[in-house]
>>> print(open('work.txt').read())   # compact mmCIF, C-alpha atoms
# COMPACT_ATOMS: atom_id res chain seq x y z
CA MET A 1 -14.77 0.05 -25.21
CA THR A 2 -15.44 3.72 -25.95
CA ILE A 3 -12.73 6.37 -25.86
CA TYR A 4 -14.27 7.71 -22.66
CA GLY A 5 -14.16 4.27 -21.09
CA LEU A 6 -10.49 3.98 -22.02
CA LEU A 7 -9.74 7.40 -20.55
CA SER A 8 -11.55 6.45 -17.34
CA ARG A 9 -9.36 3.37 -17.07
CA LEU A 10 -6.29 5.55 -17.52
CA ASP A 11 -7.54 7.72 -14.66
CA ALA A 12 -8.11 4.69 -12.46
CA SER A 13 -4.55 3.49 -13.05
CA SER A 14 -3.01 7.00 -12.72
CA PHE A 15 -1.45 6.54 -16.16
CA LEU A 16 1.79 8.56 -16.42
CA GLY A 17 1.03 10.03 -13.01
CA PHE A 18 -2.26 11.71 -13.94
CA ARG A 19 -5.90 11.13 -13.07
CA ILE A 20 -7.54 13.78 -15.26
CA TRP A 21 -7.44 12.10 -18.67
CA GLU A 22 -11.19 11.88 -19.24
CA PHE A 23 -12.02 15.34 -17.95
CA SER A 24 -9.18 16.98 -19.88
CA PHE A 25 -10.17 15.30 -23.14
CA ARG A 26 -13.84 16.26 -22.76
CA SER A 27 -13.22 19.84 -21.66
CA LEU A 28 -10.37 20.79 -23.96
CA GLY A 29 -12.67 22.26 -26.61
CA THR A 30 -14.87 24.14 -24.13
CA GLU A 31 -14.46 27.81 -23.26
CA TYR A 32 -13.04 26.80 -19.88
CA GLY A 33 -10.53 24.43 -21.43
CA LEU A 34 -9.38 26.96 -24.00
CA THR A 35 -9.15 29.71 -21.35
CA PHE A 36 -7.08 27.50 -19.06
CA LEU A 37 -4.78 26.53 -21.91
CA LYS A 38 -4.33 30.08 -23.24
CA ASP A 39 -4.24 32.17 -20.04
CA ILE A 40 -2.51 29.76 -17.68
CA VAL A 41 -0.59 26.96 -19.40
CA LEU A 42 0.80 28.91 -22.36
CA ARG A 43 1.42 32.12 -20.38
CA HIS A 44 3.09 30.32 -17.48
CA PRO A 45 4.94 27.27 -18.84
CA LEU A 46 7.42 27.05 -15.95
CA LYS A 47 4.69 27.25 -13.31
CA THR A 48 2.77 24.62 -15.27
CA LEU A 49 5.76 22.28 -15.26
CA GLU A 50 6.34 22.86 -11.54
CA GLY A 51 2.63 22.24 -10.89
CA VAL A 52 2.66 18.99 -12.85
CA LEU A 53 5.59 17.69 -10.83
CA LYS A 54 3.91 18.65 -7.53
CA TYR A 55 0.66 17.07 -8.67
CA ARG A 56 2.36 13.79 -9.50
CA SER A 57 4.00 13.75 -6.09
CA ILE A 58 0.56 14.13 -4.50
CA LEU A 59 -0.59 11.01 -6.32
CA ARG A 60 2.56 9.06 -5.43
CA GLU A 61 2.23 9.99 -1.76
CA GLY A 62 -1.47 9.11 -1.63
CA ARG A 63 -2.67 12.60 -0.72
CA ASP A 64 -5.50 12.51 -3.25
CA HIS A 65 -8.84 11.13 -2.12
CA GLU A 66 -12.42 11.70 -3.17
CA ASP A 67 -13.32 12.98 0.29
CA VAL A 68 -10.27 15.16 1.04
CA THR A 69 -7.32 15.90 -1.24
CA LEU A 70 -4.37 17.64 0.42
CA LEU A 71 -2.64 20.18 -1.80
CA PHE A 72 0.28 20.65 0.58
CA LYS A 73 3.04 18.78 2.37
CA GLY A 74 3.30 18.48 6.11
CA SER A 75 0.59 18.38 8.75
CA GLU A 76 -2.69 20.26 8.93
CA ASP A 77 -1.28 22.15 11.90
CA ASP A 78 1.65 23.31 9.75
CA LEU A 79 -0.77 24.65 7.15
CA VAL A 80 -2.84 26.56 9.70
CA ALA A 81 0.35 28.02 11.18
CA ARG A 82 1.40 29.27 7.75
CA LEU A 83 -2.04 30.74 7.13
CA ALA A 84 -2.00 32.55 10.46
CA THR A 85 1.12 34.49 9.48
CA ALA A 86 0.55 34.77 5.72
CA ARG A 87 -0.20 38.10 4.12
CA SER A 88 -2.51 36.59 1.54
CA GLN A 89 -5.95 35.43 2.62
CA LEU A 90 -7.43 32.00 2.71
CA LEU A 91 -10.26 31.46 0.23
CA VAL A 92 -13.19 29.33 1.38
CA ALA A 93 -14.98 28.19 -1.77
CA VAL A 94 -18.37 26.45 -1.72
CA GLY A 95 -20.68 25.34 -4.50
CA PHE A 96 -23.93 27.02 -5.45
CA CYS A 97 -25.42 23.53 -5.26
CA GLN A 98 -25.04 23.68 -1.46
CA LYS A 99 -27.75 26.32 -1.31
CA PRO A 100 -31.02 25.14 0.27
CA LEU A 101 -33.99 24.10 -1.84
CA ARG A 102 -36.85 23.95 0.68
CA PRO A 103 -37.27 26.71 1.62
CA GLU A 104 -35.50 28.11 -1.40
CA CYS A 105 -32.39 30.26 -1.08
CA PRO A 106 -33.48 33.93 -1.13
CA SER A 107 -30.57 34.78 -3.44
CA GLY A 108 -31.51 32.23 -6.07
CA ARG A 109 -29.43 29.22 -6.97
CA ALA A 110 -26.87 29.26 -9.80
CA ASN A 111 -25.11 32.50 -8.89
CA HIS A 112 -22.35 33.87 -6.67
CA ASP A 113 -24.72 35.62 -4.25
CA CYS A 114 -25.66 34.90 -0.64
CA ALA A 115 -28.26 36.96 1.22
CA PHE A 116 -26.81 35.93 4.58
CA LEU A 117 -23.24 36.95 3.71
CA ASP A 118 -24.54 40.22 2.25
CA GLN A 119 -26.13 41.22 5.55
CA LEU A 120 -23.64 39.60 7.94
CA ASP A 121 -22.27 42.29 10.26
CA LEU A 122 -20.70 41.32 13.58
CA GLU A 123 -21.08 44.84 14.93
CA HIS A 124 -24.71 45.42 14.03
CA ALA A 125 -26.39 42.03 14.17
CA ASP A 126 -30.19 42.38 14.10
CA GLY A 127 -30.92 38.70 14.55
CA LEU A 128 -33.09 38.54 11.43
CA VAL A 129 -32.18 35.53 9.30
CA HIS A 130 -34.16 34.11 6.39
CA PRO A 131 -35.63 30.67 7.23
CA ALA A 132 -33.66 29.08 4.38
CA CYS A 133 -30.39 30.33 5.85
CA LEU A 134 -30.96 28.63 9.18
CA GLN A 135 -30.19 25.19 7.75
CA CYS A 136 -27.58 26.26 5.17
CA GLU A 137 -23.96 25.06 5.30
CA ILE A 138 -22.84 28.27 3.59
CA LYS A 139 -24.17 30.32 6.51
CA ARG A 140 -22.17 28.34 9.06
CA LEU A 141 -19.01 28.22 6.98
CA GLY A 142 -19.27 31.91 6.08
CA SER A 143 -19.63 32.99 9.71
CA GLU A 144 -16.49 31.10 10.72
CA ALA A 145 -14.63 32.27 7.61
CA LEU A 146 -15.26 35.89 8.56
CA LEU A 147 -13.92 35.35 12.09
CA ALA A 148 -10.83 33.73 10.57
CA GLY A 149 -10.31 36.60 8.13
CA ALA A 150 -10.94 34.36 5.12
CA SER A 151 -12.65 35.28 1.88
CA MET A 152 -15.78 33.46 0.70
CA TYR A 153 -16.57 32.40 -2.85
CA ILE A 154 -19.71 30.69 -4.11
CA MET A 155 -18.67 28.74 -7.18
CA THR A 156 -20.80 28.37 -10.28
CA SER A 157 -19.01 27.42 -13.51
CA ALA A 158 -15.47 26.22 -14.12
CA LEU A 159 -14.94 29.24 -16.37
CA ASP A 160 -15.82 31.62 -13.54
CA ILE A 161 -13.49 29.76 -11.17
CA ALA A 162 -10.70 30.20 -13.72
CA ARG A 163 -11.41 33.91 -14.11
CA ASP A 164 -12.12 34.71 -10.45
CA VAL A 165 -9.56 32.51 -8.71
CA MET A 166 -7.03 30.74 -10.92
CA ILE A 167 -5.89 33.46 -13.32
CA PRO A 168 -5.56 36.25 -10.67
CA SER A 169 -3.62 33.81 -8.50
CA VAL A 170 -1.18 32.59 -11.13
CA ASP A 171 -0.70 36.14 -12.46
CA HIS A 172 -0.57 38.13 -9.22
CA GLY A 173 -0.71 35.68 -6.30
CA ARG A 174 -4.18 36.82 -5.23
CA PHE A 175 -4.82 33.57 -3.35
CA THR A 176 -2.23 31.05 -2.21
CA SER A 177 -4.46 28.90 0.02
CA VAL A 178 -7.92 27.48 -0.47
CA LEU A 179 -10.47 25.36 1.31
CA MET A 180 -12.75 24.21 -1.49
CA CYS A 181 -15.89 22.03 -1.50
CA LEU A 182 -16.59 20.12 -4.70
CA CYS A 183 -18.12 16.98 -6.15
CA PRO A 184 -15.67 14.06 -5.87
CA TYR A 185 -15.70 13.90 -9.67
CA SER A 186 -14.45 17.50 -9.78
CA VAL A 187 -11.77 17.03 -7.13
CA ARG A 188 -9.44 15.31 -9.56
CA ALA A 189 -10.11 17.93 -12.24
CA ILE A 190 -9.42 20.94 -10.01
CA ALA A 191 -6.37 19.71 -8.09
CA LEU A 192 -3.83 20.13 -10.90
CA PRO A 193 -5.02 23.62 -12.00
CA LEU A 194 -4.92 24.88 -8.41
CA ILE A 195 -1.40 23.59 -7.89
CA ILE A 196 -0.22 25.15 -11.16
CA CYS A 197 -1.66 28.47 -9.98
CA GLY A 198 0.34 28.28 -6.74
CA ILE A 199 -2.59 27.44 -4.47
CA GLU A 200 -2.33 24.96 -1.59
CA GLY A 201 -4.90 23.72 0.92
CA PHE A 202 -7.81 21.28 1.03
CA VAL A 203 -10.19 20.14 -1.70
CA ILE A 204 -13.12 18.39 -0.03
CA GLY A 205 -15.64 16.19 -1.81
CA TYR A 206 -19.38 16.20 -1.13
CA ALA A 207 -20.95 13.17 0.50
CA SER A 208 -24.39 13.36 -1.13
CA GLY A 209 -26.24 14.96 -4.02
CA ASN A 210 -23.04 15.23 -6.02
CA CYS A 211 -22.39 14.79 -9.74
CA VAL A 212 -20.84 11.43 -10.59
CA ASP A 213 -19.79 11.83 -14.23
CA TYR A 214 -19.03 14.41 -16.90
CA GLU A 215 -22.60 14.57 -18.16
CA GLN A 216 -23.95 15.52 -14.75
CA TRP A 217 -21.01 17.84 -14.14
CA SER A 218 -21.54 19.71 -17.43
CA LEU A 219 -25.21 20.31 -16.59
CA ALA A 220 -24.30 21.67 -13.16
CA ASP A 221 -21.57 23.76 -14.77
CA ALA A 222 -24.34 25.39 -16.81
CA GLY A 223 -26.42 25.97 -13.68
CA VAL A 224 -28.72 22.97 -14.06
CA LYS A 225 -28.64 21.13 -10.74
CA LYS A 226 -31.81 19.81 -9.08
CA GLU A 227 -30.11 18.09 -6.15
CA ARG A 228 -28.63 19.80 -3.13
CA THR A 229 -25.10 18.72 -2.31
CA THR A 230 -23.97 18.25 1.28
CA LEU A 231 -20.73 17.56 3.09
CA SER A 232 -20.33 14.61 5.40
CA PRO A 233 -20.65 15.52 9.09
CA SER A 234 -16.98 14.72 9.62
CA ALA A 235 -15.86 16.90 6.70
CA HIS A 236 -18.09 19.74 7.90
CA ARG A 237 -16.61 19.50 11.40
CA ARG A 238 -13.09 19.39 9.98
CA ILE A 239 -13.59 22.61 8.02
CA LEU A 240 -15.13 24.41 10.99
CA ALA A 241 -12.34 23.21 13.28
CA MET A 242 -9.69 24.48 10.89
CA LEU A 243 -11.33 27.90 10.58
CA ARG A 244 -11.75 28.16 14.35
CA ASP A 245 -8.12 27.18 14.85
CA LEU A 246 -7.08 29.85 12.37
CA SER A 247 -9.21 32.53 14.03
CA GLY A 248 -7.78 31.54 17.42
CA ARG A 249 -4.24 32.00 16.15
CA ARG A 250 -5.21 35.41 14.82
CA THR A 251 -6.54 36.55 18.19
CA LYS A 252 -5.16 40.06 17.85
CA GLU A 253 -6.90 40.49 14.51
CA ARG A 254 -10.08 38.61 15.33
CA SER A 255 -12.17 41.69 16.12
CA ARG A 256 -10.99 43.45 12.98
CA TYR A 257 -13.17 41.55 10.55
CA VAL A 258 -16.81 42.47 10.93
CA ARG A 259 -18.43 42.05 7.50
CA PHE A 260 -17.91 41.06 3.89
CA VAL A 261 -17.83 43.27 0.81
CA HIS A 262 -17.96 42.19 -2.81
CA GLU A 263 -14.83 42.34 -4.94
CA GLY A 264 -16.13 41.00 -8.19
CA ASN A 265 -17.72 37.65 -7.37
CA ILE A 266 -15.77 37.15 -4.13
CA TYR A 267 -16.77 38.13 -0.61
CA MET A 268 -13.77 39.80 1.01
CA PRO A 269 -13.55 40.35 4.81
CA VAL A 270 -13.21 43.96 5.93
CA SER A 271 -12.56 45.64 9.26
CA ARG A 272 -14.52 48.43 10.97
>>> encode(input="work.txt", output="structure tokens")
Amino acid sequence: MTIYGLLSRLDASSFLGFRIWEFSFRSLGTEYGLTFLKDIVLRHPLKTLEGVLKYRSILREGRDHEDVTLLFKGSEDDLVARLATARSQLLVAVGFCQKPLRPECPSGRANHDCAFLDQLDLEHADGLVHPACLQCEIKRLGSEALLAGASMYIMTSALDIARDVMIPSVDHGRFTSVLMCLCPYSVRAIALPLIICGIEGFVIGYASGNCVDYEQWSLADAGVKKERTTLSPSAHRRILAMLRDLSGRRTKERSRYVRFVHEGNIYMPVSR
């Protein structure tokens, strides 16, 4: 048995309360691994310890699944209620691999850009939408995210996620809640870092077109991804329902958010 096979077996058995043995071993020497170690673990040892304990409780309580991993305690309704009154914004994070292939996304593929989100304006809608956007999950999720006052982030590499989301959150509390779409293989790898950085919410795995091992993941992490990933219909409905519930609870603020603006690689909702 290879070392990677052994590490995979450790993951399968949740050895010592962890299921990220293989990914951690493979990524430790990468720029992402070194950045995570230096800028998060070593700079925030107490938050790291707290995150590890919370992560292990998630495994013990069976809240980790390849389709949906819950990074919080309590019911979904409790989470939405907290989000409705929280000062910090919810981050809806989707993968660049969700972008359409035929017709091709007008913004290109392995980047943080979205032509639809760039032109989305609830006050001055012109009705002109690129054909590729009509059948894009990011369009539908982004529209509901704006109504809910959530930020949108199109993920590319793990290093960018660390720099754009994790580090600002663990340092300054930029985001405390996330609704993130990932390959099931990546769900295990991202859960612990998010918890360490003080982020709760949902991590949802793709149903098709997803990477199944580290080799495929590393290619996608470098922007090489020929397949288009998609959510299951039930997961897609669950995300939309949560965003609509959140926007309904923020009725007084609902008309405030009319468009997105870029803050770095993140689309932030803004008012009139």
>>> atom_distance(input="work.txt", atom1="atom CA of His172 of chain A", atom2="atom CA of Asp160 of chain A")
17.1 Å
>>> residues_around(input="work.txt", residues="Leu120 of chain A", least_positions_apart="3", cutoff="9 Å", atoms="all atoms listed in the file", output="ChimeraX atom specification")
/A:115-117,124-125,143,258-260
>>> residues_around(input="work.txt", residues="segment 107-110 of chain A", least_positions_apart="5", cutoff="9 Å", atoms="all atoms listed in the file", output="VMD selection string")
chain A and resid 96 to 101 115 to 116 155 to 157 220 222 to 225
>>> closest_residue(input="work.txt", among="A:Ala235, A:Ala158, A:Ile204, A:Leu49", to="Val178 of chain A", atoms="all atoms listed in the file")
A:Ile204
>>> residues_around(input="work.txt", residues="Phe202 of chain A", least_positions_apart="4", cutoff="9 Å", atoms="all atoms listed in the file", output="VMD selection string")
chain A and resid 68 to 72 177 to 181
>>> write_last_selection(input="work.txt", atoms="C-alpha atoms", output="PDB file, in the frame of the given file")
ATOM      1  CA  VAL A  68     -10.270  15.160   1.040  1.00  0.00           C
ATOM      2  CA  THR A  69      -7.320  15.900  -1.240  1.00  0.00           C
ATOM      3  CA  LEU A  70      -4.370  17.640   0.420  1.00  0.00           C
ATOM      4  CA  LEU A  71      -2.640  20.180  -1.800  1.00  0.00           C
ATOM      5  CA  PHE A  72       0.280  20.650   0.580  1.00  0.00           C
ATOM      6  CA  SER A 177      -4.460  28.900   0.020  1.00  0.00           C
ATOM      7  CA  VAL A 178      -7.920  27.480  -0.470  1.00  0.00           C
ATOM      8  CA  LEU A 179     -10.470  25.360   1.310  1.00  0.00           C
ATOM      9  CA  MET A 180     -12.750  24.210  -1.490  1.00  0.00           C
ATOM     10  CA  CYS A 181     -15.890  22.030  -1.500  1.00  0.00           C
TER      11      CYS A 181
END
>>> residues_around(input="work.txt", residues="Glu50 of chain A", least_positions_apart="4", cutoff="8 Å", atoms="all atoms listed in the file", output="PDB file with C-alpha atoms, keeping the file's coordinate frame")
ATOM      1  CA  LEU A  46       7.420  27.050 -15.950  1.00  0.00           C
ATOM      2  CA  LYS A  54       3.910  18.650  -7.530  1.00  0.00           C
ATOM      3  CA  ILE A 196      -0.220  25.150 -11.160  1.00  0.00           C
TER       4      ILE A 196
END
>>> residues_around(input="work.txt", residues="Leu231 of chain A", least_positions_apart="6", cutoff="10 Å", atoms="all atoms listed in the file", output="list in words")
Asp67, Gln98, Glu137, Cys181, Leu182, Cys183, Ile204, Gly205, Tyr206, Ala207, Ser208, Gly209, Asn210 and Arg237 of chain A
>>> atom_distance(input="work.txt", atom1="atom CA of His262 of chain A", atom2="atom CA of Arg174 of chain A")
15.0 Å
>>> atom_distance(input="work.txt", atom1="atom CA of Arg244 of chain A", atom2="atom CA of Ile161 of chain A")
25.6 Å
>>> closest_residue(input="work.txt", among="A:Lys38, A:His130, A:Lys47, A:Arg102", to="Glu227 of chain A", atoms="all atoms listed in the file")
A:Arg102
>>> closest_residue(input="work.txt", among="A:Ala148, A:Ile58, A:Phe25, A:Asp213", to="Leu192 of chain A", atoms="all atoms listed in the file")
A:Ile58
>>> residues_near_point(input="work.txt", point="(-1.0, 25.7, -16.0)", cutoff="12 Å", atoms="all atoms listed in the file", output="PyMOL selection string")
chain A and resi 33-53+55+162+166-167+169-171+190-199
>>> closest_residue(input="work.txt", among="A:Thr2, A:Gln119, A:Thr85, A:Thr30", to="Gly149 of chain A", atoms="only C-alpha atoms")
A:Thr85
>>> closest_residue(input="work.txt", among="A:Asn111, A:Ser218, A:Leu6, A:Glu123", to="Arg272 of chain A", atoms="all atoms listed in the file")
A:Glu123
>>> closest_residue(input="work.txt", among="A:Ser186, A:Ser27, A:Ile20, A:Val94", to="Leu59 of chain A", atoms="all atoms listed in the file")
A:Ile20
>>> axis_aligned_box(input="work.txt", around="segment 218-232 of chain A", padding_each_side="3 Å", output="JSON")
{"center_x": -26.1, "center_y": 20.3, "center_z": -6.0, "size_x": 17.5, "size_y": 17.4, "size_z": 28.8}
>>> decode(input="work.txt", residues="segment 112-123 of chain A", atoms="all heavy atoms", output="PDB file, in the first residue's frame")
ATOM      1  N   HIS A 112     -12.137  35.092 -11.566  1.00  0.00           N
ATOM      2  CA  HIS A 112     -13.137  35.501 -10.579  1.00  0.00           C
ATOM      3  C   HIS A 112     -14.254  36.343 -11.181  1.00  0.00           C
ATOM      4  O   HIS A 112     -15.074  36.896 -10.436  1.00  0.00           O
ATOM      5  CB  HIS A 112     -12.461  36.319  -9.467  1.00  0.00           C
ATOM      6  CG  HIS A 112     -11.367  35.596  -8.745  1.00  0.00           C
ATOM      7  ND1 HIS A 112     -11.599  34.612  -7.810  1.00  0.00           N
ATOM      8  CD2 HIS A 112     -10.018  35.712  -8.825  1.00  0.00           C
ATOM      9  CE1 HIS A 112     -10.449  34.153  -7.340  1.00  0.00           C
ATOM     10  NE2 HIS A 112      -9.470  34.811  -7.935  1.00  0.00           N
ATOM     11  N   ASP A 113     -14.308  36.455 -12.496  1.00  0.00           N
ATOM     12  CA  ASP A 113     -15.203  37.404 -13.152  1.00  0.00           C
ATOM     13  C   ASP A 113     -16.506  36.765 -13.611  1.00  0.00           C
ATOM     14  O   ASP A 113     -16.562  35.574 -13.935  1.00  0.00           O
ATOM     15  CB  ASP A 113     -14.509  38.036 -14.363  1.00  0.00           C
ATOM     16  CG  ASP A 113     -13.219  38.738 -13.970  1.00  0.00           C
ATOM     17  OD1 ASP A 113     -13.191  39.324 -12.876  1.00  0.00           O
ATOM     18  OD2 ASP A 113     -12.246  38.676 -14.746  1.00  0.00           O
ATOM     19  N   CYS A 114     -17.551  37.583 -13.663  1.00  0.00           N
ATOM     20  CA  CYS A 114     -18.856  37.150 -14.162  1.00  0.00           C
ATOM     21  C   CYS A 114     -19.507  38.323 -14.880  1.00  0.00           C
ATOM     22  O   CYS A 114     -19.798  39.361 -14.253  1.00  0.00           O
ATOM     23  CB  CYS A 114     -19.744  36.688 -13.003  1.00  0.00           C
ATOM     24  SG  CYS A 114     -21.450  36.305 -13.494  1.00  0.00           S
ATOM     25  N   ALA A 115     -19.733  38.183 -16.171  1.00  0.00           N
ATOM     26  CA  ALA A 115     -20.327  39.265 -16.963  1.00  0.00           C
ATOM     27  C   ALA A 115     -21.724  39.605 -16.464  1.00  0.00           C
ATOM     28  O   ALA A 115     -22.116  40.778 -16.448  1.00  0.00           O
ATOM     29  CB  ALA A 115     -20.369  38.860 -18.438  1.00  0.00           C
ATOM     30  N   PHE A 116     -22.482  38.589 -16.038  1.00  0.00           N
ATOM     31  CA  PHE A 116     -23.838  38.847 -15.564  1.00  0.00           C
ATOM     32  C   PHE A 116     -23.820  39.650 -14.270  1.00  0.00           C
ATOM     33  O   PHE A 116     -24.562  40.632 -14.126  1.00  0.00           O
ATOM     34  CB  PHE A 116     -24.595  37.540 -15.353  1.00  0.00           C
ATOM     35  CG  PHE A 116     -25.979  37.746 -14.801  1.00  0.00           C
ATOM     36  CD1 PHE A 116     -27.023  38.114 -15.634  1.00  0.00           C
ATOM     37  CD2 PHE A 116     -26.231  37.605 -13.443  1.00  0.00           C
ATOM     38  CE1 PHE A 116     -28.299  38.340 -15.125  1.00  0.00           C
ATOM     39  CE2 PHE A 116     -27.501  37.820 -12.924  1.00  0.00           C
ATOM     40  CZ  PHE A 116     -28.535  38.188 -13.769  1.00  0.00           C
ATOM     41  N   LEU A 117     -22.986  39.259 -13.308  1.00  0.00           N
ATOM     42  CA  LEU A 117     -22.914  39.986 -12.044  1.00  0.00           C
ATOM     43  C   LEU A 117     -22.380  41.400 -12.254  1.00  0.00           C
ATOM     44  O   LEU A 117     -22.768  42.331 -11.538  1.00  0.00           O
ATOM     45  CB  LEU A 117     -22.040  39.238 -11.040  1.00  0.00           C
ATOM     46  CG  LEU A 117     -22.522  37.844 -10.625  1.00  0.00           C
ATOM     47  CD1 LEU A 117     -21.576  37.255  -9.581  1.00  0.00           C
ATOM     48  CD2 LEU A 117     -23.943  37.887 -10.089  1.00  0.00           C
ATOM     49  N   ASP A 118     -21.490  41.574 -13.237  1.00  0.00           N
ATOM     50  CA  ASP A 118     -20.953  42.901 -13.522  1.00  0.00           C
ATOM     51  C   ASP A 118     -22.041  43.864 -13.984  1.00  0.00           C
ATOM     52  O   ASP A 118     -22.009  45.053 -13.652  1.00  0.00           O
ATOM     53  CB  ASP A 118     -19.872  42.820 -14.608  1.00  0.00           C
ATOM     54  CG  ASP A 118     -18.557  42.255 -14.073  1.00  0.00           C
ATOM     55  OD1 ASP A 118     -18.273  42.451 -12.877  1.00  0.00           O
ATOM     56  OD2 ASP A 118     -17.825  41.615 -14.854  1.00  0.00           O
ATOM     57  N   GLN A 119     -23.006  43.373 -14.748  1.00  0.00           N
ATOM     58  CA  GLN A 119     -24.033  44.256 -15.289  1.00  0.00           C
ATOM     59  C   GLN A 119     -25.356  44.205 -14.526  1.00  0.00           C
ATOM     60  O   GLN A 119     -26.276  44.959 -14.834  1.00  0.00           O
ATOM     61  CB  GLN A 119     -24.274  43.929 -16.766  1.00  0.00           C
ATOM     62  CG  GLN A 119     -24.776  42.501 -17.042  1.00  0.00           C
ATOM     63  CD  GLN A 119     -26.268  42.322 -16.917  1.00  0.00           C
ATOM     64  OE1 GLN A 119     -27.014  43.227 -17.288  1.00  0.00           O
ATOM     65  NE2 GLN A 119     -26.700  41.188 -16.396  1.00  0.00           N
ATOM     66  N   LEU A 120     -25.456  43.327 -13.532  1.00  0.00           N
ATOM     67  CA  LEU A 120     -26.697  43.192 -12.782  1.00  0.00           C
ATOM     68  C   LEU A 120     -27.029  44.487 -12.044  1.00  0.00           C
ATOM     69  O   LEU A 120     -26.249  44.971 -11.227  1.00  0.00           O
ATOM     70  CB  LEU A 120     -26.581  42.034 -11.789  1.00  0.00           C
ATOM     71  CG  LEU A 120     -27.802  41.761 -10.902  1.00  0.00           C
ATOM     72  CD1 LEU A 120     -29.028  41.439 -11.737  1.00  0.00           C
ATOM     73  CD2 LEU A 120     -27.490  40.626  -9.921  1.00  0.00           C
ATOM     74  N   ASP A 121     -28.181  45.050 -12.333  1.00  0.00           N
ATOM     75  CA  ASP A 121     -28.631  46.285 -11.687  1.00  0.00           C
ATOM     76  C   ASP A 121     -30.153  46.213 -11.574  1.00  0.00           C
ATOM     77  O   ASP A 121     -30.857  46.248 -12.585  1.00  0.00           O
ATOM     78  CB  ASP A 121     -28.209  47.507 -12.504  1.00  0.00           C
ATOM     79  CG  ASP A 121     -28.439  48.819 -11.761  1.00  0.00           C
ATOM     80  OD1 ASP A 121     -29.445  48.918 -11.026  1.00  0.00           O
ATOM     81  OD2 ASP A 121     -27.622  49.742 -11.916  1.00  0.00           O
ATOM     82  N   LEU A 122     -30.662  46.104 -10.373  1.00  0.00           N
ATOM     83  CA  LEU A 122     -32.095  45.926 -10.168  1.00  0.00           C
ATOM     84  C   LEU A 122     -32.892  47.189 -10.444  1.00  0.00           C
ATOM     85  O   LEU A 122     -34.114  47.133 -10.568  1.00  0.00           O
ATOM     86  CB  LEU A 122     -32.356  45.450  -8.732  1.00  0.00           C
ATOM     87  CG  LEU A 122     -31.701  44.118  -8.347  1.00  0.00           C
ATOM     88  CD1 LEU A 122     -32.074  43.734  -6.926  1.00  0.00           C
ATOM     89  CD2 LEU A 122     -32.072  43.018  -9.322  1.00  0.00           C
ATOM     90  N   GLU A 123     -32.213  48.319 -10.544  1.00  0.00           N
ATOM     91  CA  GLU A 123     -32.899  49.569 -10.847  1.00  0.00           C
ATOM     92  C   GLU A 123     -32.920  49.901 -12.328  1.00  0.00           C
ATOM     93  O   GLU A 123     -33.796  50.621 -12.802  1.00  0.00           O
ATOM     94  CB  GLU A 123     -32.239  50.727 -10.086  1.00  0.00           C
ATOM     95  CG  GLU A 123     -32.532  50.745  -8.602  1.00  0.00           C
ATOM     96  CD  GLU A 123     -32.056  52.020  -7.953  1.00  0.00           C
ATOM     97  OE1 GLU A 123     -30.941  52.480  -8.282  1.00  0.00           O
ATOM     98  OE2 GLU A 123     -32.799  52.562  -7.123  1.00  0.00           O
TER      99      GLU A 123
END
